[in-house]
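Colleague: Pasting target08.txt below, which is compact mmCIF, C-alpha atoms.
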```
# COMPACT_ATOMS: atom_id res chain seq x y z
CA MET A 1 0.00 0.00 0.00
CA LYS A 2 1.21 3.49 -0.85
CA PHE A 3 0.30 6.82 0.74
CA LYS A 4 0.84 9.99 -1.27
CA PHE A 5 1.15 13.44 0.28
CA LYS A 6 1.86 16.90 -1.12
CA THR A 7 4.90 18.80 0.04
CA THR A 8 4.31 22.17 1.70
CA ASN A 9 5.55 25.30 -0.03
CA ALA A 10 7.97 27.63 1.72
CA GLY A 11 8.70 30.19 -0.99
CA ASN A 12 10.83 28.29 -3.50
CA ASP A 13 11.39 25.40 -1.11
CA LYS A 14 9.18 22.32 -0.77
CA ILE A 15 9.00 20.64 2.62
CA PRO A 16 7.72 17.15 3.51
CA LEU A 17 5.48 18.25 6.36
CA LEU A 18 3.07 15.53 7.41
CA GLU A 19 -0.01 15.54 9.57
CA VAL A 20 -0.11 12.53 11.88
CA ILE A 21 -2.85 11.61 14.34
CA VAL A 22 -1.23 11.20 17.75
CA THR A 23 -3.15 9.16 20.34
CA ASN A 24 -2.41 8.78 24.03
CA PRO A 25 -3.06 5.04 24.56
CA ASP A 26 -3.84 5.62 28.25
CA ASN A 27 -6.90 7.83 27.68
CA ASN A 28 -7.48 7.61 23.89
CA LYS A 29 -7.19 11.40 23.54
CA LYS A 30 -6.19 12.38 19.99
CA VAL A 31 -4.66 15.35 18.21
CA ALA A 32 -3.62 15.84 14.59
CA TYR A 33 -0.11 17.28 14.61
CA THR A 34 2.09 18.47 11.78
CA ALA A 35 5.77 17.51 11.79
CA LEU A 36 8.66 17.27 9.34
CA VAL A 37 9.55 13.86 7.90
CA ASP A 38 13.31 13.87 8.39
CA SER A 39 15.56 10.94 7.56
CA GLY A 40 18.39 12.89 9.23
CA ALA A 41 16.69 12.71 12.61
CA PHE A 42 17.42 9.70 14.81
CA MET A 43 13.92 9.64 16.27
CA ASN A 44 10.66 11.55 16.69
CA VAL A 45 10.78 14.83 18.60
CA PHE A 46 7.48 16.57 19.43
CA HIS A 47 6.70 19.73 21.40
CA SER A 48 6.01 19.11 25.10
CA ASP A 49 2.81 21.13 24.61
CA ILE A 50 1.42 18.20 22.61
CA ALA A 51 1.96 15.91 25.61
CA ARG A 52 -0.09 18.33 27.70
CA VAL A 53 -2.85 18.40 25.06
CA LEU A 54 -2.94 14.59 25.24
CA GLY A 55 -3.07 14.55 29.04
CA ILE A 56 0.43 13.09 29.42
CA ASP A 57 2.01 14.27 32.68
CA LEU A 58 5.68 14.67 31.77
CA SER A 59 6.60 15.51 35.37
CA LYS A 60 5.98 11.84 36.22
CA ILE A 61 8.54 10.68 33.66
CA LYS A 62 11.95 10.61 35.28
CA ARG A 63 13.93 9.48 32.27
CA VAL A 64 15.48 12.28 30.24
CA THR A 65 16.97 11.63 26.80
CA GLU A 66 19.54 13.98 25.32
CA PHE A 67 19.82 14.72 21.65
CA GLY A 68 21.68 17.14 19.39
CA GLY A 69 21.44 18.92 16.06
CA VAL A 70 23.90 20.21 13.52
CA GLY A 71 24.39 23.58 15.22
CA THR A 72 27.57 24.66 16.98
CA ASP A 73 25.89 25.00 20.37
CA SER A 74 27.62 22.35 22.48
CA SER A 75 24.79 22.05 25.00
CA SER A 76 22.59 19.03 24.37
CA LEU A 77 18.84 19.19 23.97
CA LYS A 78 16.57 17.22 26.27
CA GLY A 79 13.31 15.37 25.94
CA LYS A 80 11.16 12.89 27.81
CA PRO A 81 10.19 9.63 26.10
CA TYR A 82 6.67 8.28 25.84
CA ILE A 83 5.00 5.65 23.70
CA VAL A 84 2.04 6.95 21.72
CA LYS A 85 0.06 5.65 18.78
CA LEU A 86 0.68 7.38 15.45
CA MET A 87 -1.62 7.18 12.45
CA VAL A 88 -1.06 8.37 8.89
CA ALA A 89 -4.08 8.67 6.62
CA SER A 90 -4.75 9.63 3.04
CA LYS A 91 -7.70 9.16 0.69
CA GLY A 92 -9.60 6.81 2.97
CA LYS A 93 -6.59 4.64 3.80
CA SER A 94 -4.82 4.66 7.15
CA PHE A 95 -1.93 2.99 8.93
CA SER A 96 -1.35 3.01 12.71
CA PHE A 97 1.53 1.91 14.88
CA ASP A 98 2.95 2.37 18.35
CA SER A 99 5.80 4.85 18.39
CA TYR A 100 8.43 6.10 20.77
CA VAL A 101 8.42 9.91 20.92
CA LEU A 102 10.60 12.43 22.72
CA PHE A 103 8.55 15.33 24.07
CA SER A 104 10.78 18.36 24.37
CA ASP A 105 10.75 22.07 25.24
CA ASP A 106 13.98 22.49 23.28
CA ILE A 107 12.66 22.43 19.71
CA ASN A 108 14.09 25.44 17.89
CA PRO A 109 11.31 28.06 17.54
CA LYS A 110 12.48 28.60 13.95
CA GLY A 111 12.11 24.88 13.18
CA ASP A 112 9.60 22.07 13.12
CA PRO A 113 9.02 18.94 15.20
CA LEU A 114 10.48 15.84 13.60
CA LEU A 115 9.35 12.42 12.41
CA GLY A 116 12.65 10.57 12.38
CA ARG A 117 14.14 7.18 11.60
CA GLN A 118 13.25 5.30 14.78
CA GLY A 119 9.53 5.31 15.48
CA PHE A 120 8.46 6.62 12.10
CA ILE A 121 10.59 5.92 9.02
CA ASP A 122 11.39 2.41 10.30
CA GLN A 123 7.67 1.61 10.22
CA PHE A 124 7.56 1.86 6.43
CA ALA A 125 9.03 -0.30 3.67
CA LYS A 126 10.10 2.83 1.82
CA VAL A 127 9.85 6.61 2.15
CA GLU A 128 10.24 8.52 -1.10
CA LEU A 129 10.50 12.24 -1.84
CA SER A 130 9.78 13.63 -5.31
CA LEU A 131 10.36 17.37 -5.32
CA ARG A 132 9.66 17.63 -9.06
CA ASN A 133 6.17 16.32 -8.39
CA SER A 134 5.81 18.22 -5.09
CA SER A 135 5.01 14.90 -3.43
CA PHE A 136 6.29 12.36 -0.96
CA PHE A 137 5.25 8.76 -0.53
CA LEU A 138 5.08 6.28 2.34
CA TYR A 139 4.99 2.59 1.43
CA ILE A 140 3.93 -0.18 3.81
CA MET B 1 -1.08 21.45 4.87
CA ASN B 2 -2.36 23.45 1.92
CA LEU B 3 -0.80 26.76 2.95
CA ASP B 4 2.52 28.47 2.22
CA ILE B 5 4.71 28.42 5.31
CA LYS B 6 6.02 31.93 4.71
CA ARG B 7 2.48 33.34 4.70
CA LEU B 8 1.69 31.45 7.89
CA ILE B 9 4.81 32.84 9.54
CA LYS B 10 3.90 36.38 8.51
CA ASN B 11 0.51 36.11 10.20
CA TYR B 12 1.06 33.58 13.00
CA GLY B 13 4.81 33.23 13.60
CA GLY B 14 5.53 31.66 16.99
CA LYS B 15 1.90 30.75 17.66
CA TRP B 16 -0.06 27.53 17.73
CA VAL B 17 -2.69 27.31 15.04
CA ALA B 18 -5.54 24.91 14.36
CA PHE B 19 -6.56 24.25 10.77
CA ASN B 20 -9.93 23.50 9.22
CA ASP B 21 -10.65 19.97 7.98
CA SER B 22 -8.85 20.48 4.64
CA SER B 23 -5.89 22.21 6.33
CA SER B 24 -6.40 25.16 3.99
CA ARG B 25 -7.38 27.76 6.57
CA VAL B 26 -6.50 28.68 10.16
CA ILE B 27 -9.57 28.54 12.40
CA VAL B 28 -7.93 29.28 15.79
CA SER B 29 -4.57 30.65 16.88
CA GLY B 30 -2.93 31.39 20.20
CA LYS B 31 0.10 31.01 22.42
CA ARG B 32 -1.10 27.93 24.33
CA ALA B 33 -1.61 24.64 22.51
CA GLU B 34 -4.21 23.40 25.00
CA LYS B 35 -6.35 26.50 24.57
CA VAL B 36 -6.11 26.33 20.76
CA PHE B 37 -7.07 22.63 20.94
CA ASP B 38 -10.11 23.39 23.13
CA GLU B 39 -11.24 26.29 20.94
CA ALA B 40 -10.93 24.16 17.80
CA LYS B 41 -13.09 21.48 19.45
CA LYS B 42 -15.69 24.11 20.27
CA LYS B 43 -15.66 25.12 16.60
CA GLY B 44 -16.49 21.56 15.59
CA SER B 45 -13.13 19.87 14.96
CA LYS B 46 -13.44 16.24 16.04
CA ILE B 47 -9.67 15.85 16.12
CA PRO B 48 -8.11 19.34 16.13
CA LYS B 49 -5.26 19.83 13.66
CA LEU B 50 -2.46 21.66 15.46
CA TYR B 51 0.74 23.20 14.12
CA LYS B 52 3.33 25.33 15.89
CA VAL B 53 4.23 27.98 13.34
CA PRO B 54 7.98 28.73 13.27
CA THR B 55 8.96 32.27 14.26
CA GLU B 56 10.78 32.75 10.96
CA TYR B 57 11.69 30.72 7.91
CA LEU B 58 15.22 29.42 7.80
CA PRO B 59 16.32 26.80 5.28
CA TYR B 60 16.65 23.69 7.43
CA ILE B 61 19.81 21.57 7.35
CA GLY B 62 19.81 18.49 9.51
```
Let me see whether you can do it: turn the structure in this file into structure tokens.

Modeller:
Amino acid sequence: MKFKFKTTNAGNDKIPLLEVIVTNPDNNKKVAYTALVDSGAFMNVFHSDIARVLGIDLSKIKRVTEFGGVGTDSSSLKGKPYIVKLMVASKGKSFSFDSYVLFSDDINPKGDPLLGRQGFIDQFAKVELSLRNSSFFLYI
Amino acid sequence: MNLDIKRLIKNYGGKWVAFNDSSSRVIVSGKRAEKVFDEAKKKGSKIPKLYKVPTEYLPYIG
């Protein structure tokens, strides 16, 4: 099965932003959240605000995971891990899976949350970007 | 989403927004995600569609 999505325009740039349905498995609360599909990211990083929307109390999670970007700032970024359910949907088709997400207050305000290799890209047989066609594809 | 990011940034940079069902229009915006979520629900969104608009557009390298 193949899911097709349009890239989002940013002036002359085209960005693979994707809306995923995020569900808290503990209370079934759902939100649709837009994040960047990024094969350069090790894992998923979402805003902590989304955890609050879903009723996830991050103060009860003691584990803190550090991560970094390509910037020169030597201080690491921090997030708290939680397992949620993610769903992608397009044209009446959908695909859901459990996913490990880092909820973080350290996402750059000039950037986007990330759907990375572990917990997103690894759930698909292939992820394909076609800038000429302003599209990207997820294959299961 | 069916909107140009640069236009979104011009109007809503740094804010949370909720989109309509086709993600072609902003129906609620604000500084707090929870409030935007609640307002979108009040406006009829079954599953509110939230996006944190970047404060400015920078070509992303990562």

Colleague: Distance table requested - chain A against chain B, cut-off 8 Å, all atoms listed in the file: one row per qualifying residue with the closest atom pair and its distance in Å to one decimal, ordered by chain and rising residue number, as CSV.

Modeller:
```
residue,atom,partner,partner_atom,distance
A:Thr8,CA,B:Met1,CA,6.3
A:Asn9,CA,B:Asp4,CA,4.9
A:Ala10,CA,B:Ile5,CA,4.9
A:Gly11,CA,B:Lys6,CA,6.5
A:Leu17,CA,B:Met1,CA,7.4
A:Leu18,CA,B:Met1,CA,7.7
A:Glu19,CA,B:Met1,CA,7.6
A:Lys30,CA,B:Ile47,CA,6.3
A:Val31,CA,B:Ile47,CA,5.5
A:Ala32,CA,B:Lys49,CA,4.4
A:Tyr33,CA,B:Leu50,CA,5.0
A:Thr34,CA,B:Tyr51,CA,5.4
A:Ala35,CA,B:Tyr51,CA,7.9
A:Gly40,CA,B:Gly62,CA,5.8
A:Ala41,CA,B:Gly62,CA,7.3
A:Asp49,CA,B:Ala33,CA,6.0
A:Ile50,CA,B:Ala33,CA,7.1
A:Arg52,CA,B:Glu34,CA,7.1
A:Val53,CA,B:Glu34,CA,5.2
A:Gly69,CA,B:Gly62,CA,6.8
A:Val70,CA,B:Gly62,CA,6.0
A:Pro109,CA,B:Pro54,CA,5.5
A:Lys110,CA,B:Pro54,CA,4.6
A:Gly111,CA,B:Pro54,CA,5.6
A:Asp112,CA,B:Pro54,CA,6.9
```

Colleague: As a VMD selection string, please: the residues near Asn27 of chain A (cut-off 12 Å, all atoms listed in the file, same-chain neighbours under 4 positions excluded).

Modeller: chain A and resid 22 to 23 53 to 56 84 to 85

Colleague: So the first atom is atom CA of Asp106 of chain A and the second is atom CA of Lys80 of chain A; what is the distance between them in Å, to one decimal place?

Modeller: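 Computing the Euclidean distance for atom CA of Asp106 of chain A and atom CA of Lys80 of chain A yields 11.0 Å.
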
Colleague: Which value, in Å to one decimal, gives the distance between atom CA of Asp21 of chain B and atom CA of Leu36 of chain A?

Modeller: 19.5 Å

Colleague: Write out as a ChimeraX atom specification the residues lying within 9 Å of Pro16 of chain A, counting only C-alpha atoms and excluding same-chain residues fewer than 5 positions away.

Modeller: /A:5-8,35-38,129,134-136

Colleague: In Å to one decimal, how far is atom CA of Phe103 of chain A from atom CA of His47 of chain A?

Modeller: 5.5 Å

Colleague: Excluding same-chain residues fewer than 3 positions from Phe120 of chain A, what lies within 8 Å of it counting all atoms listed in the file, as a list in words?

Modeller: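 Final neighbour list, sorted by chain and number: Met43, Asn44, Ser99, Leu115, Gly116, Arg117, Gln123 and Phe124 of chain A.
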
Colleague: Produce segment 42-97 of chain A of the given structure as output with C-alpha atoms, as an mmCIF file, in the first residue's frame.

Modeller:
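After the write, selection-v6.cif holds the following:
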```cif
data_model
loop_
_atom_site.group_PDB
_atom_site.id
_atom_site.type_symbol
_atom_site.label_atom_id
_atom_site.label_comp_id
_atom_site.auth_asym_id
_atom_site.auth_seq_id
_atom_site.Cartn_x
_atom_site.Cartn_y
_atom_site.Cartn_z
ATOM 1 C CA PHE A 42 17.418 9.703 14.811
ATOM 2 C CA MET A 43 13.924 9.637 16.268
ATOM 3 C CA ASN A 44 10.664 11.549 16.686
ATOM 4 C CA VAL A 45 10.781 14.827 18.604
ATOM 5 C CA PHE A 46 7.484 16.566 19.428
ATOM 6 C CA HIS A 47 6.697 19.733 21.400
ATOM 7 C CA SER A 48 6.011 19.113 25.101
ATOM 8 C CA ASP A 49 2.812 21.128 24.612
ATOM 9 C CA ILE A 50 1.420 18.204 22.610
ATOM 10 C CA ALA A 51 1.957 15.907 25.611
ATOM 11 C CA ARG A 52 -0.095 18.332 27.703
ATOM 12 C CA VAL A 53 -2.847 18.404 25.063
ATOM 13 C CA LEU A 54 -2.943 14.593 25.238
ATOM 14 C CA GLY A 55 -3.074 14.550 29.035
ATOM 15 C CA ILE A 56 0.431 13.092 29.424
ATOM 16 C CA ASP A 57 2.007 14.271 32.677
ATOM 17 C CA LEU A 58 5.676 14.668 31.766
ATOM 18 C CA SER A 59 6.598 15.508 35.369
ATOM 19 C CA LYS A 60 5.981 11.839 36.222
ATOM 20 C CA ILE A 61 8.537 10.678 33.658
ATOM 21 C CA LYS A 62 11.948 10.610 35.279
ATOM 22 C CA ARG A 63 13.927 9.475 32.268
ATOM 23 C CA VAL A 64 15.483 12.282 30.237
ATOM 24 C CA THR A 65 16.968 11.627 26.797
ATOM 25 C CA GLU A 66 19.542 13.979 25.324
ATOM 26 C CA PHE A 67 19.819 14.723 21.646
ATOM 27 C CA GLY A 68 21.680 17.144 19.391
ATOM 28 C CA GLY A 69 21.436 18.918 16.062
ATOM 29 C CA VAL A 70 23.896 20.214 13.519
ATOM 30 C CA GLY A 71 24.388 23.580 15.225
ATOM 31 C CA THR A 72 27.573 24.661 16.979
ATOM 32 C CA ASP A 73 25.891 25.001 20.374
ATOM 33 C CA SER A 74 27.615 22.354 22.481
ATOM 34 C CA SER A 75 24.789 22.050 25.000
ATOM 35 C CA SER A 76 22.590 19.032 24.374
ATOM 36 C CA LEU A 77 18.843 19.193 23.969
ATOM 37 C CA LYS A 78 16.567 17.223 26.271
ATOM 38 C CA GLY A 79 13.305 15.368 25.937
ATOM 39 C CA LYS A 80 11.158 12.889 27.815
ATOM 40 C CA PRO A 81 10.189 9.634 26.099
ATOM 41 C CA TYR A 82 6.665 8.280 25.844
ATOM 42 C CA ILE A 83 5.003 5.654 23.697
ATOM 43 C CA VAL A 84 2.037 6.948 21.720
ATOM 44 C CA LYS A 85 0.061 5.652 18.780
ATOM 45 C CA LEU A 86 0.682 7.385 15.447
ATOM 46 C CA MET A 87 -1.617 7.175 12.449
ATOM 47 C CA VAL A 88 -1.059 8.374 8.890
ATOM 48 C CA ALA A 89 -4.076 8.666 6.625
ATOM 49 C CA SER A 90 -4.751 9.630 3.038
ATOM 50 C CA LYS A 91 -7.698 9.163 0.690
ATOM 51 C CA GLY A 92 -9.605 6.805 2.968
ATOM 52 C CA LYS A 93 -6.591 4.640 3.803
ATOM 53 C CA SER A 94 -4.821 4.665 7.154
ATOM 54 C CA PHE A 95 -1.933 2.987 8.927
ATOM 55 C CA SER A 96 -1.350 3.010 12.708
ATOM 56 C CA PHE A 97 1.527 1.912 14.878
#
```
